[in-house]
file entry06.txt (compact mmCIF, C-alpha atoms)
# COMPACT_ATOMS: atom_id res chain seq x y z
CA MET A 28 77.35 -20.96 144.98
CA ALA A 29 80.54 -22.84 145.94
CA ARG A 30 81.75 -21.63 149.28
CA THR A 31 84.54 -22.70 151.58
CA THR A 32 83.23 -22.46 155.13
CA GLY A 33 84.96 -19.73 157.01
CA SER A 34 87.21 -18.79 154.09
CA ASP A 35 88.22 -15.17 153.65
CA GLY A 36 85.96 -15.04 150.61
CA GLU A 37 82.97 -16.16 152.61
CA LYS A 38 83.76 -13.74 155.39
CA THR A 39 84.01 -10.86 152.94
CA GLU A 40 80.77 -11.85 151.26
CA ALA A 41 79.00 -12.01 154.62
CA ALA A 42 80.44 -8.62 155.57
CA VAL A 43 79.22 -7.18 152.26
CA ARG A 44 75.71 -8.53 152.80
CA GLU A 45 75.56 -7.23 156.34
CA ALA A 46 76.83 -3.77 155.42
CA ALA A 47 74.52 -3.65 152.41
CA VAL A 48 71.43 -4.41 154.51
CA SER A 49 72.14 -1.60 156.93
CA LEU A 50 73.20 0.89 154.24
CA ILE A 51 70.12 0.19 152.13
CA ALA A 52 67.87 0.39 155.19
CA ARG A 53 69.40 3.77 155.99
CA LEU A 54 69.80 5.38 152.55
CA GLY A 55 67.54 3.38 150.26
CA TYR A 56 68.74 1.07 147.52
CA GLU A 57 68.75 3.60 144.70
CA ALA A 58 70.74 6.08 146.76
CA MET A 59 73.39 3.59 147.86
CA SER A 60 76.42 3.24 145.57
CA MET A 61 78.62 0.16 145.31
CA ARG A 62 81.57 2.49 145.99
CA GLN A 63 79.98 3.57 149.29
CA LEU A 64 79.34 -0.06 150.19
CA ALA A 65 82.94 -1.02 149.40
CA ALA A 66 84.21 1.80 151.63
CA GLU A 67 81.93 0.62 154.44
CA VAL A 68 83.30 -2.93 154.20
CA GLY A 69 86.86 -1.73 153.70
CA VAL A 70 87.49 -3.34 150.30
CA GLN A 71 87.97 -2.05 146.75
CA ALA A 72 84.78 -1.63 144.71
CA ALA A 73 86.18 -4.18 142.25
CA ALA A 74 86.16 -6.79 145.02
CA LEU A 75 82.41 -6.39 145.49
CA TYR A 76 81.74 -7.25 141.87
CA ARG A 77 83.41 -10.60 142.38
CA TYR A 78 80.58 -11.55 144.74
CA PHE A 79 77.79 -9.49 143.20
CA PRO A 80 78.35 -8.71 139.51
CA THR A 81 75.62 -6.05 139.61
CA LYS A 82 74.03 -3.97 142.34
CA GLU A 83 70.73 -5.66 141.57
CA ASP A 84 72.35 -9.10 142.07
CA LEU A 85 73.17 -7.94 145.57
CA LEU A 86 69.64 -6.70 146.28
CA PHE A 87 68.13 -9.89 144.90
CA THR A 88 70.47 -12.04 147.01
CA LEU A 89 69.49 -10.13 150.14
CA MET A 90 65.80 -10.51 149.43
CA ARG A 91 66.04 -14.15 148.38
CA GLU A 92 68.02 -15.09 151.48
CA HIS A 93 65.54 -13.23 153.67
CA MET A 94 62.64 -15.23 152.25
CA GLU A 95 64.57 -18.52 152.26
CA GLY A 96 65.44 -17.89 155.91
CA LEU A 97 61.81 -17.19 156.77
CA ILE A 98 60.55 -20.33 155.04
CA GLU A 99 63.30 -22.44 156.66
CA ALA A 100 62.53 -20.99 160.08
CA TRP A 101 58.86 -21.84 159.62
CA ASN A 102 59.65 -25.37 158.42
CA ALA A 103 61.70 -25.87 161.57
CA ALA A 104 59.06 -24.33 163.86
CA ARG A 105 55.88 -25.85 162.41
CA PRO A 106 54.25 -28.53 164.52
CA VAL A 107 54.12 -31.84 162.66
CA VAL A 108 50.65 -32.82 163.82
CA ALA A 109 48.56 -30.25 165.63
CA ASP A 110 45.19 -28.56 165.72
CA PRO A 111 44.75 -25.28 163.78
CA ALA A 112 45.06 -23.06 166.86
CA THR A 113 48.39 -24.60 167.87
CA ARG A 114 49.65 -24.27 164.30
CA LEU A 115 48.50 -20.64 164.18
CA ALA A 116 50.27 -19.90 167.47
CA ALA A 117 53.48 -21.41 166.09
CA TYR A 118 53.15 -19.32 162.93
CA VAL A 119 52.67 -16.09 164.90
CA GLU A 120 55.57 -16.82 167.24
CA ASN A 121 57.93 -17.72 164.41
CA HIS A 122 56.91 -14.73 162.30
CA ILE A 123 57.42 -12.20 165.08
CA ALA A 124 60.68 -13.74 166.31
CA PHE A 125 62.13 -13.90 162.78
CA HIS A 126 61.28 -10.32 161.89
CA ILE A 127 62.29 -8.74 165.18
CA GLU A 128 65.73 -10.31 164.75
CA ARG A 129 65.99 -9.00 161.18
CA ARG A 130 64.58 -5.52 161.33
CA HIS A 131 66.81 -3.98 158.64
CA SER A 132 66.54 -6.96 156.34
CA THR A 133 62.73 -6.88 156.65
CA HIS A 134 62.76 -3.18 155.91
CA VAL A 135 64.85 -3.75 152.76
CA SER A 136 62.70 -6.69 151.65
CA ASN A 137 59.49 -4.69 151.98
CA MET A 138 60.66 -1.35 150.64
CA GLU A 139 62.89 -2.15 147.69
CA LEU A 140 60.81 -4.56 145.64
CA ARG A 141 60.38 -1.81 143.04
CA SER A 142 64.09 -2.06 142.17
CA LEU A 143 64.02 -5.72 141.15
CA SER A 144 63.75 -6.77 137.51
CA HIS A 145 60.44 -8.33 136.54
CA ASP A 146 61.71 -11.94 136.67
CA ARG A 147 63.37 -11.54 140.01
CA LEU A 148 60.39 -9.74 141.47
CA THR A 149 58.28 -12.70 140.33
CA GLN A 150 60.66 -15.12 142.10
CA ILE A 151 60.49 -13.17 145.37
CA LEU A 152 56.71 -12.81 145.19
CA ARG A 153 56.41 -16.53 144.54
CA MET A 154 58.37 -17.25 147.72
CA ARG A 155 56.12 -14.88 149.64
CA THR A 156 53.06 -16.65 148.29
CA THR A 157 54.48 -20.01 149.38
CA TYR A 158 54.91 -18.65 152.90
CA GLU A 159 51.53 -16.92 153.04
CA LYS A 160 49.77 -20.03 151.74
CA GLU A 161 50.86 -21.83 154.90
CA LEU A 162 48.93 -19.29 156.95
CA ARG A 163 45.93 -19.45 154.64
CA ALA A 164 45.89 -23.26 154.99
CA ILE A 165 45.90 -22.98 158.79
CA LEU A 166 43.03 -20.47 158.69
CA ARG A 167 41.05 -22.59 156.23
CA ASP A 168 41.55 -25.75 158.28
CA GLY A 169 40.43 -23.88 161.40
CA ALA A 170 37.35 -22.50 159.66
CA GLU A 171 36.45 -25.92 158.23
CA ALA A 172 36.89 -27.56 161.64
CA GLY A 173 34.59 -24.89 163.10
CA VAL A 174 37.24 -23.66 165.55
CA PHE A 175 37.91 -20.33 163.76
CA ASP A 176 35.46 -17.70 162.61
CA VAL A 177 37.04 -16.25 159.45
CA GLU A 178 35.12 -14.52 156.65
CA ASP A 179 37.91 -14.47 154.08
CA THR A 180 41.10 -16.49 154.57
CA GLY A 181 43.08 -14.38 152.05
CA LEU A 182 42.21 -11.07 153.70
CA THR A 183 42.70 -12.46 157.18
CA ALA A 184 46.15 -13.81 156.26
CA MET A 185 47.21 -10.43 154.85
CA ALA A 186 45.82 -8.59 157.88
CA LEU A 187 47.68 -10.87 160.29
CA ILE A 188 50.97 -10.73 158.39
CA GLN A 189 50.90 -6.94 158.15
CA MET A 190 49.91 -6.58 161.79
CA MET A 191 52.75 -8.88 162.88
CA THR A 192 55.46 -7.54 160.58
CA GLY A 193 54.50 -4.05 161.75
CA VAL A 194 56.07 -4.89 165.11
CA ILE A 195 59.49 -3.98 163.69
CA VAL A 196 58.36 -0.40 163.06
CA TRP A 197 57.95 0.44 166.73
CA PHE A 198 59.52 -2.39 168.75
CA ARG A 199 62.97 -1.80 170.23
CA PRO A 200 64.55 -4.35 172.55
CA GLY A 201 65.14 -3.03 176.04
CA GLU A 202 62.19 -0.65 176.08
CA ARG A 203 58.84 -1.06 177.85
CA LEU A 204 58.10 -4.58 176.68
CA SER A 205 60.12 -7.75 176.15
CA ILE A 206 59.82 -9.81 172.97
CA SER A 207 57.92 -12.48 174.90
CA GLU A 208 55.40 -9.93 176.23
CA VAL A 209 54.87 -8.48 172.77
CA THR A 210 54.48 -11.96 171.30
CA ALA A 211 52.00 -13.01 173.99
CA THR A 212 49.85 -9.93 173.32
CA TYR A 213 49.95 -10.46 169.55
CA LEU A 214 49.02 -14.07 170.11
CA SER A 215 45.94 -13.08 172.11
CA MET A 216 44.97 -10.50 169.49
CA THR A 217 45.42 -13.05 166.71
CA MET A 218 43.32 -15.69 168.45
CA ARG A 219 40.52 -13.20 168.99
CA LEU A 220 40.81 -11.85 165.43
CA VAL A 221 40.31 -15.33 163.96
CA GLY A 222 37.49 -15.96 166.40
CA ALA A 223 39.28 -18.93 167.96
CA LYS A 224 36.97 -20.74 170.33
CA ALA A 225 38.45 -19.69 173.65
CA ARG A 226 40.18 -22.21 175.78
CA SER A 227 42.63 -19.76 177.34
CA ALA A 228 44.26 -18.95 174.01
CA THR A 229 47.62 -17.53 175.03
CA THR A 230 48.55 -20.17 177.54
CA THR A 231 47.09 -23.25 175.89
CA TYR A 232 48.04 -22.46 172.32
CA SER A 233 51.49 -21.11 172.86
CA ALA A 234 54.12 -23.36 171.38
CA GLY A 235 56.42 -22.19 174.12
CA ARG A 236 58.43 -19.22 172.95
CA ALA A 237 55.93 -16.60 174.04
CA ASN A 238 56.07 -17.76 177.62
CA ASP A 239 59.83 -17.92 177.97
CA ALA A 240 60.92 -15.50 180.62
CA VAL A 241 63.45 -13.88 178.33
CA ALA A 242 63.28 -10.14 178.83
CA LEU A 243 65.39 -8.51 176.11
CA MET B 16 51.18 29.98 152.57
CA ALA B 17 49.32 32.70 150.60
CA ARG B 18 47.56 31.19 147.64
CA THR B 19 45.20 32.54 145.02
CA THR B 20 42.57 29.88 144.38
CA GLY B 21 42.93 28.40 140.96
CA SER B 22 45.84 30.65 140.00
CA ASP B 23 48.48 29.32 137.65
CA GLY B 24 50.88 29.24 140.57
CA GLU B 25 48.56 27.08 142.60
CA LYS B 26 47.96 24.77 139.68
CA THR B 27 51.69 24.37 139.12
CA GLU B 28 52.29 23.72 142.79
CA ALA B 29 49.56 21.07 142.84
CA ALA B 30 51.01 19.48 139.70
CA VAL B 31 54.45 19.42 141.33
CA ARG B 32 53.09 17.74 144.46
CA GLU B 33 51.17 15.17 142.49
CA ALA B 34 54.10 14.31 140.21
CA ALA B 35 56.47 14.21 143.19
CA VAL B 36 54.30 11.72 145.08
CA SER B 37 54.20 9.31 142.18
CA LEU B 38 57.88 9.75 141.26
CA ILE B 39 59.02 9.22 144.87
CA ALA B 40 56.72 6.22 145.25
CA ARG B 41 58.26 4.75 142.10
CA LEU B 42 61.95 5.66 142.44
CA GLY B 43 62.40 6.53 146.09
CA TYR B 44 63.10 10.03 147.43
CA GLU B 45 66.89 9.85 147.34
CA ALA B 46 66.90 8.60 143.76
CA MET B 47 64.52 11.29 142.45
CA SER B 48 66.13 14.50 141.22
CA MET B 49 64.45 17.90 141.11
CA ARG B 50 65.44 18.02 137.43
CA GLN B 51 63.54 14.79 136.78
CA LEU B 52 60.54 16.14 138.64
CA ALA B 53 60.61 19.40 136.65
CA ALA B 54 60.70 17.42 133.40
CA GLU B 55 57.71 15.35 134.58
CA VAL B 56 55.70 18.49 135.32
CA GLY B 57 56.93 20.27 132.20
CA VAL B 58 58.56 23.27 133.89
CA GLN B 59 62.13 24.49 134.36
CA ALA B 60 63.91 23.18 137.46
CA ALA B 61 64.24 26.80 138.63
CA ALA B 62 60.43 27.06 138.75
CA LEU B 63 60.27 24.20 141.27
CA TYR B 64 62.51 26.02 143.69
CA ARG B 65 60.01 28.90 143.78
CA TYR B 66 57.54 26.53 145.48
CA PHE B 67 59.97 24.25 147.26
CA PRO B 68 63.34 25.90 148.00
CA THR B 69 64.89 22.50 148.78
CA LYS B 70 64.05 18.93 147.88
CA GLU B 71 63.51 18.23 151.56
CA ASP B 72 60.97 21.10 151.76
CA LEU B 73 59.03 19.25 149.12
CA LEU B 74 59.19 15.92 150.97
CA PHE B 75 58.21 17.55 154.24
CA THR B 76 55.27 19.35 152.58
CA LEU B 77 54.02 16.06 151.13
CA MET B 78 54.26 14.30 154.47
CA ARG B 79 52.77 17.16 156.46
CA GLU B 80 49.82 17.50 154.10
CA HIS B 81 49.25 13.75 154.21
CA MET B 82 49.02 13.81 158.00
CA GLU B 83 46.96 17.02 158.07
CA GLY B 84 44.57 15.44 155.60
CA LEU B 85 44.26 12.31 157.70
CA ILE B 86 43.57 14.25 160.90
CA GLU B 87 41.05 16.49 159.11
CA ALA B 88 39.30 13.48 157.61
CA TRP B 89 39.04 11.89 161.04
CA ASN B 90 37.75 15.11 162.61
CA ALA B 91 35.04 15.20 159.97
CA ALA B 92 34.19 11.50 160.32
CA ARG B 93 34.28 11.10 164.11
CA PRO B 94 30.92 10.69 165.79
CA VAL B 95 30.26 13.52 168.26
CA VAL B 96 28.68 11.37 170.93
CA ALA B 97 28.84 7.61 170.56
CA ASP B 98 29.78 4.41 172.32
CA PRO B 99 33.34 3.07 171.89
CA ALA B 100 32.37 0.43 169.32
CA THR B 101 30.69 2.99 167.06
CA ARG B 102 33.68 5.31 167.39
CA LEU B 103 36.04 2.44 166.60
CA ALA B 104 34.01 1.52 163.51
CA ALA B 105 34.19 5.14 162.32
CA TYR B 106 37.96 5.17 162.88
CA VAL B 107 38.46 1.97 160.90
CA GLU B 108 36.26 3.13 158.03
CA ASN B 109 37.92 6.52 157.81
CA HIS B 110 41.42 5.07 158.04
CA ILE B 111 40.89 2.51 155.28
CA ALA B 112 39.03 4.93 152.98
CA PHE B 113 41.68 7.64 153.40
CA HIS B 114 44.63 5.35 152.70
CA ILE B 115 43.10 3.45 149.80
CA GLU B 116 42.50 6.79 148.07
CA ARG B 117 46.10 7.88 148.71
CA ARG B 118 48.16 4.80 148.08
CA HIS B 119 51.25 6.55 146.73
CA SER B 120 51.15 9.28 149.31
CA THR B 121 50.88 6.68 152.10
CA HIS B 122 53.79 4.81 150.61
CA VAL B 123 55.92 7.99 150.58
CA SER B 124 54.87 8.94 154.12
CA ASN B 125 55.81 5.53 155.49
CA MET B 126 58.98 4.88 153.52
CA GLU B 127 60.81 8.19 153.42
CA LEU B 128 60.84 9.32 157.04
CA ARG B 129 64.59 8.62 157.11
CA SER B 130 65.18 11.54 154.73
CA LEU B 131 63.65 14.20 156.97
CA SER B 132 65.79 16.41 159.18
CA HIS B 133 65.48 15.75 162.90
CA ASP B 134 63.14 18.69 163.59
CA ARG B 135 60.85 17.89 160.74
CA LEU B 136 60.77 14.21 161.57
CA THR B 137 59.74 15.22 165.09
CA GLN B 138 56.90 17.34 163.68
CA ILE B 139 55.59 14.49 161.53
CA LEU B 140 55.88 11.96 164.35
CA ARG B 141 54.02 14.35 166.64
CA MET B 142 51.14 14.50 164.15
CA ARG B 143 51.11 10.72 163.95
CA THR B 144 50.98 10.50 167.72
CA THR B 145 48.03 12.92 167.77
CA TYR B 146 46.17 10.70 165.34
CA GLU B 147 47.09 7.43 167.06
CA LYS B 148 46.08 8.84 170.45
CA GLU B 149 42.53 9.10 169.18
CA LEU B 150 42.50 5.35 168.60
CA ARG B 151 44.13 4.65 171.96
CA ALA B 152 41.44 6.78 173.66
CA ILE B 153 38.68 4.79 171.96
CA LEU B 154 40.29 1.50 173.02
CA ARG B 155 40.81 2.72 176.58
CA ASP B 156 37.21 3.98 176.86
CA GLY B 157 35.97 0.64 175.54
CA ALA B 158 38.13 -1.32 177.98
CA GLU B 159 37.05 0.87 180.90
CA ALA B 160 33.39 0.50 179.95
CA GLY B 161 33.90 -3.26 179.84
CA VAL B 162 32.83 -3.52 176.19
CA PHE B 163 36.34 -4.25 174.81
CA ASP B 164 38.83 -6.86 175.91
CA VAL B 165 42.23 -5.23 175.32
CA GLU B 166 45.46 -6.15 177.14
CA ASP B 167 47.53 -3.18 176.02
CA THR B 168 45.94 -0.18 174.32
CA GLY B 169 49.27 1.01 172.81
CA LEU B 170 50.07 -2.34 171.22
CA THR B 171 46.51 -2.86 170.06
CA ALA B 172 46.43 0.59 168.43
CA MET B 173 49.69 -0.12 166.56
CA ALA B 174 48.48 -3.57 165.51
CA LEU B 175 45.22 -2.16 164.16
CA ILE B 176 46.85 0.74 162.33
CA GLN B 177 49.42 -1.48 160.66
CA MET B 178 46.82 -4.07 159.75
CA MET B 179 44.58 -1.39 158.21
CA THR B 180 47.28 0.60 156.42
CA GLY B 181 48.55 -2.69 155.00
CA VAL B 182 45.45 -2.79 152.80
CA ILE B 183 47.20 -0.51 150.30
CA VAL B 184 49.92 -3.10 149.72
CA TRP B 185 47.62 -5.63 148.12
CA PHE B 186 44.29 -3.88 147.42
CA ARG B 187 43.58 -2.79 143.85
CA PRO B 188 40.19 -1.35 142.90
CA GLY B 189 38.35 -3.47 140.38
CA GLU B 190 39.78 -6.79 141.49
CA ARG B 191 38.07 -9.51 143.54
CA LEU B 192 36.73 -7.27 146.30
CA SER B 193 35.18 -3.81 146.48
CA ILE B 194 36.33 -1.23 149.02
CA SER B 195 33.11 -1.72 150.95
CA GLU B 196 33.64 -5.49 151.13
CA VAL B 197 37.23 -5.05 152.29
CA THR B 198 36.16 -2.48 154.86
CA ALA B 199 33.36 -4.69 156.17
CA THR B 200 35.78 -7.62 156.63
CA TYR B 201 38.36 -5.41 158.37
CA LEU B 202 35.62 -4.07 160.60
CA SER B 203 34.63 -7.59 161.67
CA MET B 204 38.27 -8.52 162.28
CA THR B 205 38.82 -5.34 164.29
CA MET B 206 35.75 -5.90 166.47
CA ARG B 207 36.85 -9.45 167.22
CA LEU B 208 40.47 -8.37 167.81
CA VAL B 209 39.40 -5.88 170.48
CA GLY B 210 37.04 -8.46 171.97
CA ALA B 211 33.98 -6.26 171.34
CA LYS B 212 30.96 -7.74 173.02
CA ALA B 213 29.08 -9.04 170.01
CA ARG B 214 25.84 -7.43 169.00
CA SER B 215 26.20 -8.12 165.27
CA ALA B 216 29.35 -6.02 165.01
CA THR B 217 29.56 -5.21 161.32
CA THR B 218 25.98 -4.17 160.81
CA THR B 219 25.27 -2.42 164.09
CA TYR B 220 28.58 -0.63 164.46
CA SER B 221 29.09 0.47 160.90
CA ALA B 222 28.89 4.23 160.57
CA GLY B 223 27.57 3.67 157.08
CA ARG B 224 30.42 3.71 154.61
CA ALA B 225 31.17 0.00 154.84
CA ASN B 226 27.65 -0.88 153.81
CA ASP B 227 27.40 1.43 150.85
CA ALA B 228 26.87 -0.60 147.72
CA VAL B 229 29.76 1.11 145.95
CA ALA B 230 31.72 -1.55 144.11
CA LEU B 231 34.90 0.06 142.79

call {"tool": "encode", "arguments": {"input": "entry06.txt", "output": "structure tokens"}}
result
Amino acid sequence: MARTTGSDGEKTEAAVREAAVSLIARLGYEAMSMRQLAAEVGVQAAALYRYFPTKEDLLFTLMREHMEGLIEAWNAARPVVADPATRLAAYVENHIAFHIERRHSTHVSNMELRSLSHDRLTQILRMRTTYEKELRAILRDGAEAGVFDVEDTGLTAMALIQMMTGVIVWFRPGERLSISEVTATYLSMTMRLVGAKARSATTTYSAGRANDAVAL
Amino acid sequence: MARTTGSDGEKTEAAVREAAVSLIARLGYEAMSMRQLAAEVGVQAAALYRYFPTKEDLLFTLMREHMEGLIEAWNAARPVVADPATRLAAYVENHIAFHIERRHSTHVSNMELRSLSHDRLTQILRMRTTYEKELRAILRDGAEAGVFDVEDTGLTAMALIQMMTGVIVWFRPGERLSISEVTATYLSMTMRLVGAKARSATTTYSAGRANDAVAL
């Protein structure tokens, strides 16, 4: 899509996406109307259709950008050369950080898949598979190297992803625990779950973020 | 609620609940109309209102019965006197079995909380807390007895519940794995996650169901 950085058009489109994510998270996709969304952004409904010709185009864009963002974040965070435990720690830290920052978008991406057309659903699921395969590869490498104890890499990857994404259901910044405390605990649980041969998992394996003293 | 066992009224009410669960799982609560539901069941919309005066009464009933069912199932499955690892195994087995059998109902219970009134949301969340407290007590007892290695019982309980409930997202009977295989793998992962002192976790701790040779 051709965009002029910082143009009014881009600003409006960004405002539409942002408002859509929080409206859909609150009301559900089927219940939200484009008219309601336009009112929230403060534009005419006709203006929305310039950016998103159909309501489903909007939903698909939100979901695609969520997955693209997740894959990009992982590509930036992944260690170039590292042992499986260090790679797993980086995956856990990136996954939790990404989803905590995008609670509503995660909610929308997980709850509204049923409203995508078959082809678009396939595209989103393919992106998810790409991302999950990275975790399966780490688990497989660890099992083959004898440093992880994993019965089934597919099941273990799903279990870890659902456990980690679940953080957004209950975590609220500013309550009992900071993001770094939550991440450190999830890192310990993950290392035990995959049977990582202990060498002080949380401290040694952490790629850094979990130990930052950032209390949010 | 006064009910005559097997009466036409009871049958209709059960049919309404069943159709509602699958319609809401498919369309979302906000998008489903009582008219649509009536058509699905094959009754007049007016007949629905005899059982559920408002659409929200229906949603609340579905969610309350889901949680009551889960708590009842756990009360029936819980070992009367047992060590923490055996109790944890029973909790895992019951949780997975209950949710796999009620995929749509679990979906509705997790996705549609936003549509409950404040008081009713509070009631449902209180029931969830009751159920989750059971798991926290098991984890705490295990940690105090020195048989589990758990940093934070609250976080660990949430992680386990989300990991286990997540099974319904990807599990389909008749595919690669049977329920008993999935349960056995989740049991091993759980025991490692809580740092259970190994004494052949899956076989010793299993309360039975995971080892049944029932391939579904």

call {"tool": "interface_residues", "arguments": {"input": "entry06.txt", "of": "chain B", "to": "chain A", "cutoff": "9 Å", "atoms": "only C-alpha atoms", "output": "mmCIF file with C-alpha atoms, in the frame of the given file"}}
result
data_model
loop_
_atom_site.group_PDB
_atom_site.id
_atom_site.type_symbol
_atom_site.label_atom_id
_atom_site.label_comp_id
_atom_site.auth_asym_id
_atom_site.auth_seq_id
_atom_site.Cartn_x
_atom_site.Cartn_y
_atom_site.Cartn_z
ATOM 1 C CA ARG B 41 58.260 4.750 142.100
ATOM 2 C CA LEU B 42 61.950 5.660 142.440
ATOM 3 C CA GLY B 43 62.400 6.530 146.090
ATOM 4 C CA TYR B 44 63.100 10.030 147.430
ATOM 5 C CA GLU B 45 66.890 9.850 147.340
ATOM 6 C CA ALA B 46 66.900 8.600 143.760
ATOM 7 C CA MET B 126 58.980 4.880 153.520
ATOM 8 C CA GLU B 127 60.810 8.190 153.420
ATOM 9 C CA ARG B 129 64.590 8.620 157.110
ATOM 10 C CA SER B 130 65.180 11.540 154.730
ATOM 11 C CA VAL B 165 42.230 -5.230 175.320
ATOM 12 C CA GLU B 166 45.460 -6.150 177.140
ATOM 13 C CA ASP B 167 47.530 -3.180 176.020
ATOM 14 C CA LEU B 170 50.070 -2.340 171.220
ATOM 15 C CA THR B 171 46.510 -2.860 170.060
ATOM 16 C CA MET B 173 49.690 -0.120 166.560
ATOM 17 C CA ALA B 174 48.480 -3.570 165.510
ATOM 18 C CA LEU B 175 45.220 -2.160 164.160
ATOM 19 C CA ILE B 176 46.850 0.740 162.330
ATOM 20 C CA GLN B 177 49.420 -1.480 160.660
ATOM 21 C CA MET B 178 46.820 -4.070 159.750
ATOM 22 C CA MET B 179 44.580 -1.390 158.210
ATOM 23 C CA THR B 180 47.280 0.600 156.420
ATOM 24 C CA GLY B 181 48.550 -2.690 155.000
ATOM 25 C CA VAL B 182 45.450 -2.790 152.800
ATOM 26 C CA TRP B 185 47.620 -5.630 148.120
ATOM 27 C CA VAL B 197 37.230 -5.050 152.290
ATOM 28 C CA THR B 200 35.780 -7.620 156.630
ATOM 29 C CA TYR B 201 38.360 -5.410 158.370
ATOM 30 C CA SER B 203 34.630 -7.590 161.670
ATOM 31 C CA MET B 204 38.270 -8.520 162.280
ATOM 32 C CA THR B 205 38.820 -5.340 164.290
ATOM 33 C CA MET B 206 35.750 -5.900 166.470
ATOM 34 C CA ARG B 207 36.850 -9.450 167.220
ATOM 35 C CA LEU B 208 40.470 -8.370 167.810
ATOM 36 C CA VAL B 209 39.400 -5.880 170.480
ATOM 37 C CA GLY B 210 37.040 -8.460 171.970
#

call {"tool": "residues_near_point", "arguments": {"input": "entry06.txt", "point": "(58.5, 22.1, 148.3)", "cutoff": "12 Å", "atoms": "all atoms listed in the file", "output": "PyMOL selection string"}}
result
chain B and resi 16+27-33+35-36+49+52+62-80

call {"tool": "atom_distance", "arguments": {"input": "entry06.txt", "atom1": "CA of Ala158 in chain B", "atom2": "CA of Thr101 in chain B"}}
result
13.9 Å

call {"tool": "atom_distance", "arguments": {"input": "entry06.txt", "atom1": "CA of Lys148 in chain B", "atom2": "CA of Ala124 in chain A"}}
result
27.2 Å

call {"tool": "closest_residue", "arguments": {"input": "entry06.txt", "among": "B:Asp98, B:His119, B:Leu131, B:Gly84", "to": "Ala34 in chain B", "atoms": "only C-alpha atoms"}}
result
B:His119

call {"tool": "closest_residue", "arguments": {"input": "entry06.txt", "among": "B:Ser120, B:Ala104, B:His114, B:Glu190", "to": "Ile153 in chain B", "atoms": "all atoms listed in the file"}}
result
B:Ala104

call {"tool": "residues_near_point", "arguments": {"input": "entry06.txt", "point": "(64.3, -19.1, 156.1)", "cutoff": "12 Å", "atoms": "only C-alpha atoms", "output": "PDB file with C-alpha atoms, in the frame of the given file"}}
result
ATOM      1  CA  LEU A  89      69.490 -10.130 150.140  1.00  0.00           C
ATOM      2  CA  MET A  90      65.800 -10.510 149.430  1.00  0.00           C
ATOM      3  CA  ARG A  91      66.040 -14.150 148.380  1.00  0.00           C
ATOM      4  CA  GLU A  92      68.020 -15.090 151.480  1.00  0.00           C
ATOM      5  CA  HIS A  93      65.540 -13.230 153.670  1.00  0.00           C
ATOM      6  CA  MET A  94      62.640 -15.230 152.250  1.00  0.00           C
ATOM      7  CA  GLU A  95      64.570 -18.520 152.260  1.00  0.00           C
ATOM      8  CA  GLY A  96      65.440 -17.890 155.910  1.00  0.00           C
ATOM      9  CA  LEU A  97      61.810 -17.190 156.770  1.00  0.00           C
ATOM     10  CA  ILE A  98      60.550 -20.330 155.040  1.00  0.00           C
ATOM     11  CA  GLU A  99      63.300 -22.440 156.660  1.00  0.00           C
ATOM     12  CA  ALA A 100      62.530 -20.990 160.080  1.00  0.00           C
ATOM     13  CA  TRP A 101      58.860 -21.840 159.620  1.00  0.00           C
ATOM     14  CA  ASN A 102      59.650 -25.370 158.420  1.00  0.00           C
ATOM     15  CA  ALA A 103      61.700 -25.870 161.570  1.00  0.00           C
ATOM     16  CA  ALA A 104      59.060 -24.330 163.860  1.00  0.00           C
ATOM     17  CA  ASN A 121      57.930 -17.720 164.410  1.00  0.00           C
ATOM     18  CA  HIS A 122      56.910 -14.730 162.300  1.00  0.00           C
ATOM     19  CA  PHE A 125      62.130 -13.900 162.780  1.00  0.00           C
ATOM     20  CA  HIS A 126      61.280 -10.320 161.890  1.00  0.00           C
ATOM     21  CA  ARG A 129      65.990  -9.000 161.180  1.00  0.00           C
ATOM     22  CA  MET A 154      58.370 -17.250 147.720  1.00  0.00           C
ATOM     23  CA  ARG A 155      56.120 -14.880 149.640  1.00  0.00           C
ATOM     24  CA  THR A 157      54.480 -20.010 149.380  1.00  0.00           C
ATOM     25  CA  TYR A 158      54.910 -18.650 152.900  1.00  0.00           C
TER      26      TYR A 158
END

call {"tool": "atom_distance", "arguments": {"input": "entry06.txt", "atom1": "CA of Leu162 in chain A", "atom2": "CA of Asp146 in chain A"}}
result
25.1 Å

call {"tool": "closest_residue", "arguments": {"input": "entry06.txt", "among": "A:Thr149, A:Gly169, A:Ile51, A:Ile123", "to": "Ala109 in chain A", "atoms": "only C-alpha atoms"}}
result
A:Gly169

call {"tool": "closest_residue", "arguments": {"input": "entry06.txt", "among": "B:Arg141, B:Arg50, B:Arg151, B:Arg118", "to": "Pro99 in chain B", "atoms": "only C-alpha atoms"}}
result
B:Arg151
